[in-house]
Every structure is written in structure tokens, then in C-alpha cells.
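**Student:** Just one file: protein_30.tsv, with TSV, C-alpha atoms.
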```tsv
chain	number	residue	atom	x	y	z
A	1	MET	CA	53.20	123.33	179.68
A	2	ARG	CA	56.90	123.97	179.19
A	3	LYS	CA	57.86	127.19	177.52
A	4	LYS	CA	60.08	127.06	174.49
A	5	PRO	CA	63.53	128.32	175.55
A	6	ARG	CA	64.46	131.77	174.30
A	7	THR	CA	67.02	131.88	171.54
A	8	VAL	CA	70.42	133.15	172.64
A	9	PHE	CA	71.65	135.06	169.60
A	10	ARG	CA	75.27	135.43	168.49
A	11	ALA	CA	77.29	137.61	166.17
A	12	LEU	CA	77.37	135.86	162.80
A	13	ASP	CA	78.30	137.05	159.32
A	14	GLY	CA	77.50	135.38	156.01
A	15	ILE	CA	74.84	134.44	153.49
A	16	VAL	CA	72.63	131.37	153.35
A	17	LEU	CA	70.73	130.51	150.17
A	18	LEU	CA	67.30	129.42	151.34
A	19	ASP	CA	64.87	127.45	149.20
A	20	LYS	CA	61.76	129.18	150.55
A	21	PRO	CA	58.75	126.92	150.99
A	22	GLN	CA	55.28	127.77	149.77
A	23	GLY	CA	52.96	129.30	152.34
A	24	LEU	CA	55.48	131.40	154.28
A	25	SER	CA	56.12	135.09	153.79
A	26	SER	CA	59.72	136.05	153.17
A	27	ASN	CA	59.93	137.60	156.63
A	28	GLN	CA	58.53	134.48	158.29
A	29	ALA	CA	61.11	132.38	156.46
A	30	LEU	CA	63.87	134.82	157.45
A	31	GLN	CA	62.95	134.67	161.14
A	32	GLN	CA	62.90	130.87	161.17
A	33	VAL	CA	66.35	130.70	159.58
A	34	ARG	CA	67.71	133.47	161.80
A	35	HIS	CA	66.60	131.62	164.95
A	36	LEU	CA	68.02	128.36	163.62
A	37	PHE	CA	71.45	129.99	163.17
A	38	ARG	CA	71.02	132.17	166.29
A	39	ALA	CA	72.09	135.18	164.24
A	40	GLU	CA	71.82	138.55	166.00
A	41	LYS	CA	71.05	140.42	162.80
A	42	GLY	CA	69.43	139.22	159.58
A	43	GLY	CA	67.74	140.42	156.44
A	44	HIS	CA	66.57	139.02	153.11
A	45	THR	CA	67.24	140.30	149.62
A	46	GLY	CA	63.85	140.81	148.03
A	47	SER	CA	60.46	139.41	148.96
A	48	LEU	CA	58.89	136.31	147.53
A	49	ASP	CA	55.11	136.00	147.74
A	50	PRO	CA	53.79	133.35	150.17
A	51	LEU	CA	52.66	131.35	147.11
A	52	ALA	CA	56.20	131.39	145.67
A	53	THR	CA	59.09	129.04	146.34
A	54	GLY	CA	62.77	129.09	145.53
A	55	LEU	CA	65.87	131.17	146.11
A	56	LEU	CA	65.75	133.69	148.94
A	57	PRO	CA	69.26	134.85	149.89
A	58	ILE	CA	69.38	135.60	153.60
A	59	CYS	CA	72.12	137.83	154.96
A	60	PHE	CA	73.45	137.75	158.53
A	61	GLY	CA	75.47	140.37	160.36
A	62	GLU	CA	77.74	142.48	158.16
A	63	ALA	CA	76.26	140.80	155.06
A	64	THR	CA	73.08	142.83	155.64
A	65	LYS	CA	75.11	145.83	154.40
A	66	ILE	CA	75.04	144.37	150.88
A	67	ALA	CA	71.44	143.12	150.95
A	68	GLY	CA	70.26	146.26	149.17
A	69	LEU	CA	72.74	145.66	146.37
A	70	LEU	CA	71.37	142.17	145.80
A	71	LEU	CA	67.84	143.61	145.65
A	72	GLY	CA	68.75	145.26	142.36
A	73	SER	CA	70.14	142.11	140.78
A	74	SER	CA	68.69	140.21	137.83
A	75	LYS	CA	66.54	137.21	138.69
A	76	ALA	CA	65.04	134.16	136.97
A	77	TYR	CA	61.74	132.41	137.58
A	78	GLU	CA	59.63	129.55	136.32
A	79	THR	CA	55.92	130.17	136.58
A	80	THR	CA	52.68	128.45	135.66
A	81	ALA	CA	49.88	130.66	134.34
A	82	VAL	CA	46.23	129.60	134.31
A	83	LEU	CA	44.31	131.16	131.44
A	84	GLY	CA	40.70	132.29	131.58
A	85	LEU	CA	40.48	133.64	135.13
A	86	THR	CA	41.72	136.91	136.61
A	87	THR	CA	42.05	137.49	140.37
A	88	ASP	CA	42.44	140.60	142.50
A	89	SER	CA	46.02	139.64	143.44
A	90	ASP	CA	46.93	138.29	139.98
A	91	ASP	CA	47.70	134.89	141.54
A	92	ALA	CA	45.90	131.85	142.89
A	93	ASP	CA	45.75	133.28	146.43
A	94	GLY	CA	43.45	136.10	145.30
A	95	ALA	CA	39.69	136.38	144.96
A	96	PRO	CA	38.28	135.61	141.48
A	97	LEU	CA	37.33	138.66	139.43
A	98	LEU	CA	36.37	137.58	135.93
A	99	GLN	CA	36.05	134.24	134.12
A	100	ARG	CA	36.37	134.25	130.32
A	101	PRO	CA	36.55	131.56	127.66
A	102	VAL	CA	40.01	130.66	126.40
A	103	PRO	CA	40.34	130.89	122.61
A	104	GLU	CA	42.14	128.35	120.48
A	105	LEU	CA	45.83	129.07	120.89
A	106	ASP	CA	48.95	127.89	119.12
A	107	ASP	CA	52.60	128.61	119.85
A	108	ALA	CA	52.74	131.40	117.25
A	109	THR	CA	49.78	133.20	118.85
A	110	ILE	CA	51.31	132.92	122.30
A	111	GLU	CA	54.69	134.13	121.03
A	112	ALA	CA	53.04	137.16	119.46
A	113	ALA	CA	51.55	138.01	122.86
A	114	LEU	CA	54.85	137.42	124.70
A	115	ALA	CA	57.01	139.56	122.41
A	116	PRO	CA	55.76	143.03	123.52
A	117	LEU	CA	56.36	142.04	127.15
A	118	ARG	CA	60.11	141.64	126.64
A	119	GLY	CA	62.80	144.28	126.84
A	120	ALA	CA	62.36	147.69	128.48
A	121	ILE	CA	58.64	147.92	129.24
A	122	ARG	CA	56.22	149.92	131.36
A	123	GLN	CA	54.52	147.73	133.96
A	124	ARG	CA	51.63	148.29	136.37
A	125	ALA	CA	52.24	146.68	139.75
A	126	PRO	CA	49.63	144.38	141.35
A	127	ILE	CA	47.41	146.10	143.90
A	128	TYR	CA	48.48	143.41	146.40
A	129	SER	CA	52.15	144.36	146.48
A	130	ALA	CA	54.68	145.81	148.89
A	131	LEU	CA	55.00	149.06	146.93
A	132	LYS	CA	54.18	152.01	149.12
A	133	GLN	CA	51.80	154.93	148.63
A	134	GLY	CA	51.73	157.57	151.33
A	135	GLY	CA	54.16	155.49	153.37
A	136	GLU	CA	51.89	152.43	153.43
A	137	PRO	CA	52.14	149.20	151.40
A	138	LEU	CA	49.52	148.79	148.70
A	139	TYR	CA	48.47	145.42	150.11
A	140	ALA	CA	47.44	147.07	153.39
A	141	LYS	CA	45.17	149.48	151.53
A	142	ALA	CA	43.78	146.68	149.36
A	143	ARG	CA	42.93	144.56	152.40
A	144	ARG	CA	40.87	147.45	153.78
A	145	GLY	CA	38.94	147.57	150.52
A	146	GLU	CA	40.28	150.97	149.46
A	147	ALA	CA	40.21	151.90	145.79
A	148	ILE	CA	43.81	151.75	144.54
A	149	GLU	CA	45.44	153.04	141.40
A	150	ALA	CA	48.54	150.87	141.26
A	151	PRO	CA	51.58	152.75	139.96
A	152	GLU	CA	53.34	152.04	136.70
A	153	ARG	CA	57.10	151.89	136.43
A	154	ASP	CA	59.84	151.02	133.99
A	155	VAL	CA	61.26	147.49	134.21
A	156	VAL	CA	63.44	145.28	132.04
A	157	VAL	CA	62.46	141.76	131.00
A	158	HIS	CA	65.38	139.85	129.48
A	159	ARG	CA	63.43	136.67	128.73
A	160	PHE	CA	59.75	135.72	128.76
A	161	ASP	CA	59.47	132.37	127.03
A	162	LEU	CA	56.91	129.60	126.68
A	163	LEU	CA	58.16	126.26	128.01
A	164	GLY	CA	54.99	124.30	127.32
A	165	SER	CA	51.22	124.16	127.70
A	166	GLU	CA	48.77	121.63	129.10
A	167	GLN	CA	45.19	121.16	130.16
A	168	GLY	CA	44.87	121.16	133.93
A	169	PRO	CA	41.86	120.74	136.24
A	170	ASP	CA	41.48	124.53	136.26
A	171	GLY	CA	41.84	124.98	132.49
A	172	THR	CA	44.63	125.76	130.08
A	173	ARG	CA	48.01	126.18	131.74
A	174	LEU	CA	51.17	127.75	130.32
A	175	ARG	CA	54.61	127.05	131.75
A	176	LEU	CA	56.80	130.12	131.35
A	177	HIS	CA	60.42	131.10	131.97
A	178	VAL	CA	61.18	134.66	133.06
A	179	GLU	CA	64.49	136.49	133.45
A	180	CYS	CA	64.14	140.09	134.56
A	181	GLY	CA	65.70	143.05	136.27
A	182	SER	CA	64.90	144.64	139.60
A	183	GLY	CA	61.32	145.62	140.40
A	184	THR	CA	59.63	143.34	137.85
A	185	TYR	CA	56.46	141.57	138.97
A	186	VAL	CA	55.93	138.16	137.34
A	187	ARG	CA	52.28	138.38	138.38
A	188	SER	CA	51.94	141.53	136.29
A	189	LEU	CA	53.62	139.86	133.31
A	190	VAL	CA	51.19	136.95	133.50
A	191	ARG	CA	48.21	139.28	133.94
A	192	ASP	CA	49.24	141.32	130.89
A	193	LEU	CA	49.89	138.18	128.85
A	194	GLY	CA	46.37	136.98	129.65
A	195	GLU	CA	44.90	140.27	128.50
A	196	ALA	CA	46.92	140.13	125.27
A	197	LEU	CA	45.47	136.65	124.66
A	198	GLY	CA	41.95	138.00	125.28
A	199	CYS	CA	41.05	135.70	128.16
A	200	GLY	CA	42.89	136.90	131.26
A	201	ALA	CA	45.29	134.86	133.39
A	202	HIS	CA	46.72	134.47	136.87
A	203	VAL	CA	49.79	132.85	138.42
A	204	ALA	CA	49.19	129.36	139.80
A	205	SER	CA	52.79	128.69	140.85
A	206	LEU	CA	56.03	130.63	140.93
A	207	ARG	CA	59.57	129.49	141.64
A	208	ARG	CA	62.65	131.70	141.76
A	209	LEU	CA	65.55	129.87	140.14
A	210	TRP	CA	68.45	132.24	140.69
A	211	VAL	CA	69.47	135.75	141.67
A	212	ASP	CA	72.70	137.34	140.48
A	213	PRO	CA	75.43	136.63	141.43
A	214	PHE	CA	74.09	133.25	142.61
A	215	SER	CA	73.44	131.89	139.13
A	216	GLN	CA	73.86	128.21	140.11
A	217	PRO	CA	72.81	128.31	143.74
A	218	ARG	CA	73.16	125.52	146.23
A	219	MET	CA	69.92	126.10	148.12
A	220	PHE	CA	68.86	124.63	151.46
A	221	THR	CA	65.27	123.94	152.46
A	222	LEU	CA	64.16	124.69	156.01
A	223	ASP	CA	63.89	120.97	156.72
A	224	ALA	CA	67.42	120.39	155.43
A	225	LEU	CA	68.77	123.19	157.64
A	226	ARG	CA	67.01	121.72	160.67
A	227	GLU	CA	68.53	118.32	159.98
A	228	ILE	CA	71.99	119.87	159.57
A	229	ALA	CA	71.54	121.89	162.77
A	230	ALA	CA	70.87	118.67	164.67
A	231	ARG	CA	74.43	117.62	163.78
A	232	GLY	CA	75.91	120.65	165.50
A	233	GLU	CA	76.21	124.39	165.06
A	234	ALA	CA	79.64	124.13	163.45
A	235	VAL	CA	78.16	121.89	160.77
A	236	LEU	CA	75.27	124.32	160.26
A	237	ASP	CA	77.69	127.23	159.87
A	238	GLY	CA	79.22	125.32	156.97
A	239	CYS	CA	76.08	126.22	154.97
A	240	LEU	CA	77.05	129.90	155.06
A	241	LEU	CA	78.70	131.66	152.16
A	242	PRO	CA	81.18	134.45	152.90
A	243	ILE	CA	80.18	138.02	152.20
A	244	GLU	CA	82.60	137.97	149.27
A	245	ALA	CA	80.30	135.51	147.46
A	246	GLY	CA	77.64	138.23	147.27
A	247	LEU	CA	80.11	140.70	145.79
A	248	SER	CA	81.60	138.50	143.08
A	249	ALA	CA	79.96	140.54	140.30
A	250	PHE	CA	81.59	143.80	141.43
A	251	PRO	CA	84.94	145.03	140.11
A	252	ARG	CA	87.75	144.42	142.60
A	253	ALA	CA	90.39	146.77	143.89
A	254	ALA	CA	93.21	145.24	145.97
A	255	ILE	CA	95.06	147.50	148.39
A	256	ASP	CA	98.16	147.03	150.55
A	257	ALA	CA	98.32	147.16	154.35
A	258	GLU	CA	99.15	150.86	154.55
A	259	ALA	CA	96.24	151.82	152.27
A	260	ALA	CA	93.96	149.41	154.14
A	261	LEU	CA	94.67	151.19	157.41
A	262	ARG	CA	93.58	154.55	155.97
A	263	PHE	CA	90.64	153.07	154.04
A	264	GLY	CA	89.42	151.29	157.17
A	265	HIS	CA	89.25	154.65	158.93
A	266	GLY	CA	87.12	156.17	156.19
A	267	GLN	CA	89.84	158.01	154.29
A	268	THR	CA	89.97	158.37	150.52
A	269	ILE	CA	93.00	156.58	149.08
A	270	ASP	CA	94.83	156.33	145.78
A	271	CYS	CA	94.20	153.31	143.57
A	272	GLU	CA	95.21	151.79	140.28
A	273	ALA	CA	93.44	153.06	137.19
A	274	GLY	CA	90.16	151.40	136.33
A	275	GLU	CA	86.60	152.10	135.32
A	276	ASP	CA	84.90	154.58	137.61
A	277	GLY	CA	82.02	153.29	139.72
A	278	LEU	CA	81.29	151.18	142.79
A	279	VAL	CA	84.01	148.61	143.52
A	280	ALA	CA	84.68	145.99	146.19
A	281	VAL	CA	87.91	146.73	148.05
A	282	TYR	CA	90.02	143.75	149.15
A	283	SER	CA	93.05	143.33	151.34
A	284	LEU	CA	96.02	141.44	149.91
A	285	ALA	CA	94.88	138.42	151.96
A	286	GLY	CA	91.69	138.34	149.90
A	287	ARG	CA	89.20	139.65	152.44
A	288	CYS	CA	86.72	142.28	151.37
A	289	LEU	CA	87.02	145.39	153.52
A	290	GLY	CA	84.09	147.28	152.05
A	291	LEU	CA	82.74	149.11	149.04
A	292	ALA	CA	84.12	152.29	147.55
A	293	GLN	CA	83.43	154.71	144.76
A	294	ARG	CA	86.33	154.70	142.31
A	295	GLU	CA	86.78	157.98	140.49
A	296	GLY	CA	89.84	159.58	138.93
A	297	GLY	CA	92.33	157.18	140.53
A	298	LYS	CA	90.81	157.58	144.00
A	299	LEU	CA	88.80	155.23	146.22
A	300	SER	CA	86.25	156.92	148.48
A	301	PRO	CA	84.73	154.59	151.12
A	302	ARG	CA	80.98	154.08	150.80
A	303	ARG	CA	80.34	151.07	153.03
A	304	LEU	CA	82.87	149.52	155.40
A	305	PHE	CA	82.72	146.16	157.13
A	306	ARG	CA	83.47	146.21	160.83
A	307	TRP	CA	86.81	144.43	160.41
A	308	ALA	CA	88.11	147.02	157.95
A	309	ALA	CA	89.57	149.26	160.68
A	310	ALA	CA	91.34	146.26	162.24
A	311	ALA	CA	92.62	144.88	158.95
A	312	THR	CA	96.26	145.68	159.70
A	313	ARG	CA	96.17	144.93	163.43
A	314	GLU	CA	94.91	141.35	163.30
A	315	PRO	CA	96.37	138.42	161.38
A	316	GLU	CA	94.17	137.79	158.35
A	317	GLN	CA	92.94	134.37	157.34
A	318	PRO	CA	92.42	133.54	153.67
A	319	VAL	CA	88.75	133.67	152.69
A	320	ALA	CA	87.17	130.29	152.09
A	321	PRO	CA	86.07	129.77	148.48
A	322	SER	CA	82.38	130.43	147.85
A	323	ALA	CA	80.08	127.52	147.08
```
Could you write out this structure as C-alpha cells?
**Tutor:**
Amino acid sequence: MRKKPRTVFRALDGIVLLDKPQGLSSNQALQQVRHLFRAEKGGHTGSLDPLATGLLPICFGEATKIAGLLLGSSKAYETTAVLGLTTDSDDADGAPLLQRPVPELDDATIEAALAPLRGAIRQRAPIYSALKQGGEPLYAKARRGEAIEAPERDVVVHRFDLLGSEQGPDGTRLRLHVECGSGTYVRSLVRDLGEALGCGAHVASLRRLWVDPFSQPRMFTLDALREIAARGEAVLDGCLLPIEAGLSAFPRAAIDAEAALRFGHGQTIDCEAGEDGLVAVYSLAGRCLGLAQREGGKLSPRRLFRWAAAATREPEQPVAPSA
């Protein structure tokens, strides 16, 4: 039996917008894409449950330095909730806990239950989640059968709207649209909606539609990436977005070559007046050199890309427009 050849990795920077398939963990999806691109370093920007599909931004190389920033971005989902049954994971992959009859429901009743779950709310995380207690994910404790008191935390839900309802083979189903801030669990929203309706509920399907700043993403499935890879690595690399695409929502500060030299070596530099806060610092050629804290007319480096120190020693190429 012939062994599969080992992947020879390469230095690669950029972001690929993966349409994650159902059944894979986010890390499994990341590793498949990383091997396909032969990227030395990779990371994703916020886990999707194995049951979930949709947008999973994957960062390679220097783009991993902004992955944490994308974790805190707003996100949108479409989910299907099945009423009448609760599970231990709050989704269809979990073990059934309690079956209850579903009352007669109309749109007004459902809206009344949705309304308190919008805005700034306090939410209890699912026990099967990646949140850590004592340095260990909750799901690891849950799998061992330990009693868990899942933590509550403050989250923001911008939209939680009913798209439609239908009778499925497993009972009444609600199609819902969710737009929310960082740390929000759609499974918890559906669980709490079911309790407000008096019958319980769990997530049957979940799809992530977008993540800021990728509000109209061009996503690639794994199969599509494999087909593109068969046409050559240069063609595959055309699927990558530049790091700048992930920073489009940040205020910009452009600096000249002399300032870029000092900034690239970690020195605080003068800048034009602007609102204080984290900004993306660009060379005059349009390449992002890193992130800085702007305060009182000064830019203090916070995160530099490896090319920042060489910005004035190497000819710069204009950055390709983001897709």
C-alpha cells in the first residue's frame, strides 16, 4: 500500500473564504484547506459546529495576526428550529432530553417570544461549547458526564426574525434569521425561544451567511477548491484575498516612506489628526504595514506584518483589489 506523500508546506499569506461543509469541525476543515494550499501557518476565525455550514474565514501566514480581530466581528446566520424537543447540546446532534406538545402558534405569538431575545441580552451558553472552565472546554466535561453549570454572559443580538414556518417530519419547524455580535450562540437563542413558547426547541440546521467585513462573501466549497487546485497552484492562489480585505472596516492611516521605516522598527510616529483607537497603517503604495493605536496625534505599533521593516528597502507592488 502506497503511503500518501507528505505535504511540503510553503510561506503563504492571505485569506480564503471557505463554505464549510456539514459534518466537519472547524479545525478539520482548516487542516484540509491548509494542506490543499500547502500553507505553513493557518488559523480560522471562530468555530462553526460540525452540524453547521457556511462562511469560515481561514487565514494563512501573516493573516493569522488579524484572526482574533475577526473573531469579534458581527455575524449573520439562517437557522431552522424544531419545536417540541430539547436536546443536551441544543441541536440535532445531541441526545434527546424532553419531548413536549407544541401549542397552536401564530406569527404574533412567535414575535412576542422573539422580541425579548433581541438587543443586549444575558445568555447562558450550551454545555456542549468551547467555553472553558478551569482551563478545559465545557464539551470535554460534558462528554465525561460531569455536572456543568454553563456560564452566562452579555451578548448583543441585532436581529432575530421569523422567516417562515412549516410542518416537517419531526414536527413544527421555524426558519429564523439571526444577526449578532461576538460570543452569541444561536443554539442558545433557539433553546430560549423554545422555552418562551412553552414547548422547547433545538437547532436542526445552521448556516453562517456572512462575517464582517465579508458582508457579501465569495465562498469556496472544499470540492471547488480541490477542482481549482487541479488546474495549478497559481490558479488556486487566485482564491486568496489579501490581508487588507480583512481590515477594510478599520480606519486607515497612510504614512510616507520615512515614517514607514520608523514604524516598521516598532517606533511611535506622528500622524494626522483622527479619532483615537486601533487603526490600520498603510504605506503610500497601499500595502498595510500593521495595526497601531492612534492617540493624541501619535501612532504606536501594536501588530506589525513581517514586511513592515522592509517597506522602504524593497520596491512595493500595488495591492490587488479584494474580491
**Student:** For CA of Glu78 (chain A) and CA of Val186 (chain A), quote the distance in Å rounded to one decimal.
**Tutor:**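 Separation of CA of Glu78 (chain A) and CA of Val186 (chain A): 9.4 Å.
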**Student:** For Cys59 (chain A), please output as an mmCIF file with C-alpha atoms, keeping the file's coordinate frame all residues within 12 Å (counting all atoms listed in the file; exclusion window: fewer than 5 positions along the same chain).
**Tutor:**
```
data_model
loop_
_atom_site.group_PDB
_atom_site.id
_atom_site.type_symbol
_atom_site.label_atom_id
_atom_site.label_comp_id
_atom_site.auth_asym_id
_atom_site.auth_seq_id
_atom_site.Cartn_x
_atom_site.Cartn_y
_atom_site.Cartn_z
ATOM 1 C CA LEU A 12 77.370 135.860 162.800
ATOM 2 C CA ASP A 13 78.300 137.050 159.320
ATOM 3 C CA GLY A 14 77.500 135.380 156.010
ATOM 4 C CA ILE A 15 74.840 134.440 153.490
ATOM 5 C CA VAL A 16 72.630 131.370 153.350
ATOM 6 C CA LEU A 17 70.730 130.510 150.170
ATOM 7 C CA LEU A 18 67.300 129.420 151.340
ATOM 8 C CA LEU A 30 63.870 134.820 157.450
ATOM 9 C CA GLN A 31 62.950 134.670 161.140
ATOM 10 C CA VAL A 33 66.350 130.700 159.580
ATOM 11 C CA ARG A 34 67.710 133.470 161.800
ATOM 12 C CA PHE A 37 71.450 129.990 163.170
ATOM 13 C CA ALA A 39 72.090 135.180 164.240
ATOM 14 C CA GLU A 40 71.820 138.550 166.000
ATOM 15 C CA LYS A 41 71.050 140.420 162.800
ATOM 16 C CA GLY A 42 69.430 139.220 159.580
ATOM 17 C CA GLY A 43 67.740 140.420 156.440
ATOM 18 C CA HIS A 44 66.570 139.020 153.110
ATOM 19 C CA THR A 45 67.240 140.300 149.620
ATOM 20 C CA GLY A 46 63.850 140.810 148.030
ATOM 21 C CA THR A 64 73.080 142.830 155.640
ATOM 22 C CA LYS A 65 75.110 145.830 154.400
ATOM 23 C CA ILE A 66 75.040 144.370 150.880
ATOM 24 C CA ALA A 67 71.440 143.120 150.950
ATOM 25 C CA GLY A 68 70.260 146.260 149.170
ATOM 26 C CA LEU A 69 72.740 145.660 146.370
ATOM 27 C CA LEU A 70 71.370 142.170 145.800
ATOM 28 C CA LEU A 71 67.840 143.610 145.650
ATOM 29 C CA LEU A 240 77.050 129.900 155.060
ATOM 30 C CA LEU A 241 78.700 131.660 152.160
ATOM 31 C CA PRO A 242 81.180 134.450 152.900
ATOM 32 C CA ILE A 243 80.180 138.020 152.200
ATOM 33 C CA GLU A 244 82.600 137.970 149.270
ATOM 34 C CA ALA A 245 80.300 135.510 147.460
ATOM 35 C CA GLY A 246 77.640 138.230 147.270
#
```
**Student:** One decimal, in Å: what's the spacing between CA of Gly266 (chain A) and CA of Phe250 (chain A)?
**Tutor:**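 CA of Gly266 (chain A) sits 20.0 Å away from CA of Phe250 (chain A).
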**Student:** Please determine, counting all atoms listed in the file, which residue among A:Phe9, A:Trp210, A:Tyr282, A:Phe60 has the shortest atom-to-atom distance to Ala76 (chain A).
**Tutor:**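 Among the listed residues, the smallest separation from Ala76 (chain A) belongs to A:Trp210.
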**Student:** Report the distance between CA of Gln123 (chain A) and CA of Glu166 (chain A) in Å, rounded to one decimal place.
**Tutor:**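 If I compute the distance from CA of Gln123 (chain A) to CA of Glu166 (chain A), I get 27.2 Å.
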**Student:** So that I can see what lies close to Gly297 (chain A), please list as JSON, numbers by chain the residues with an atom at most 7 Å from it, counting only C-alpha atoms and leaving out residues fewer than 5 positions away in the same chain.
**Tutor:** {"A": [270, 271, 272, 273]}
**Student:** Go through A:Val281, A:Ala201, A:Leu291, A:Leu55 one by one, measure the shortest atom-to-atom distance of each to Leu222 (chain A) using only C-alpha atoms, and give the residue with the smallest value.
**Tutor:**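 Once distances to Leu222 (chain A) are computed over only C-alpha atoms, the minimum belongs to A:Leu55.
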**Student:** Counting all atoms listed in the file, which of A:Leu209, A:Glu233, A:Arg252, A:Thr53 gets nearest to Gly290 (chain A)?
**Tutor:** A:Arg252
**Student:** Select, from A:Val178, A:Ile255, A:Ala52, A:Ile228, the residue with the minimum atom-to-atom distance to Leu24 (chain A), counting all atoms listed in the file.
**Tutor:**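 Closest residue, counting all atoms listed in the file: A:Ala52.
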**Student:** Between A:Gly277, A:Gly264, A:Gly23, A:Pro213, which residue has the minimum interatomic distance to Ser248 (chain A), considering all atoms listed in the file?
**Tutor:** A:Pro213
**Student:** At a cut-off of 10 Å, using only C-alpha atoms, what residues contact Gly198 (chain A)? Leave out same-chain residues fewer than 6 positions from it and give the result as JSON, numbers by chain.
**Tutor:** {"A": [83, 84, 100, 101, 102, 103, 113, 192]}
**Student:** Might I get the box with edges along x, y and z of the file that holds all atoms of region 277-293 of chain A listed there, padded by 4 Å on every side, given as centre and edge lengths in Å to one decimal, as JSON?
**Tutor:**
```
{"center_x": 88.7, "center_y": 146.5, "center_z": 146.6, "size_x": 22.7, "size_y": 24.4, "size_z": 21.8}
```
**Student:** Could you check the closest approach to Ala308 (chain A) for each of A:Val155, A:Leu261, A:Leu85, A:Leu278 and tell me which residue wins, using only C-alpha atoms?
**Tutor:** A:Leu261
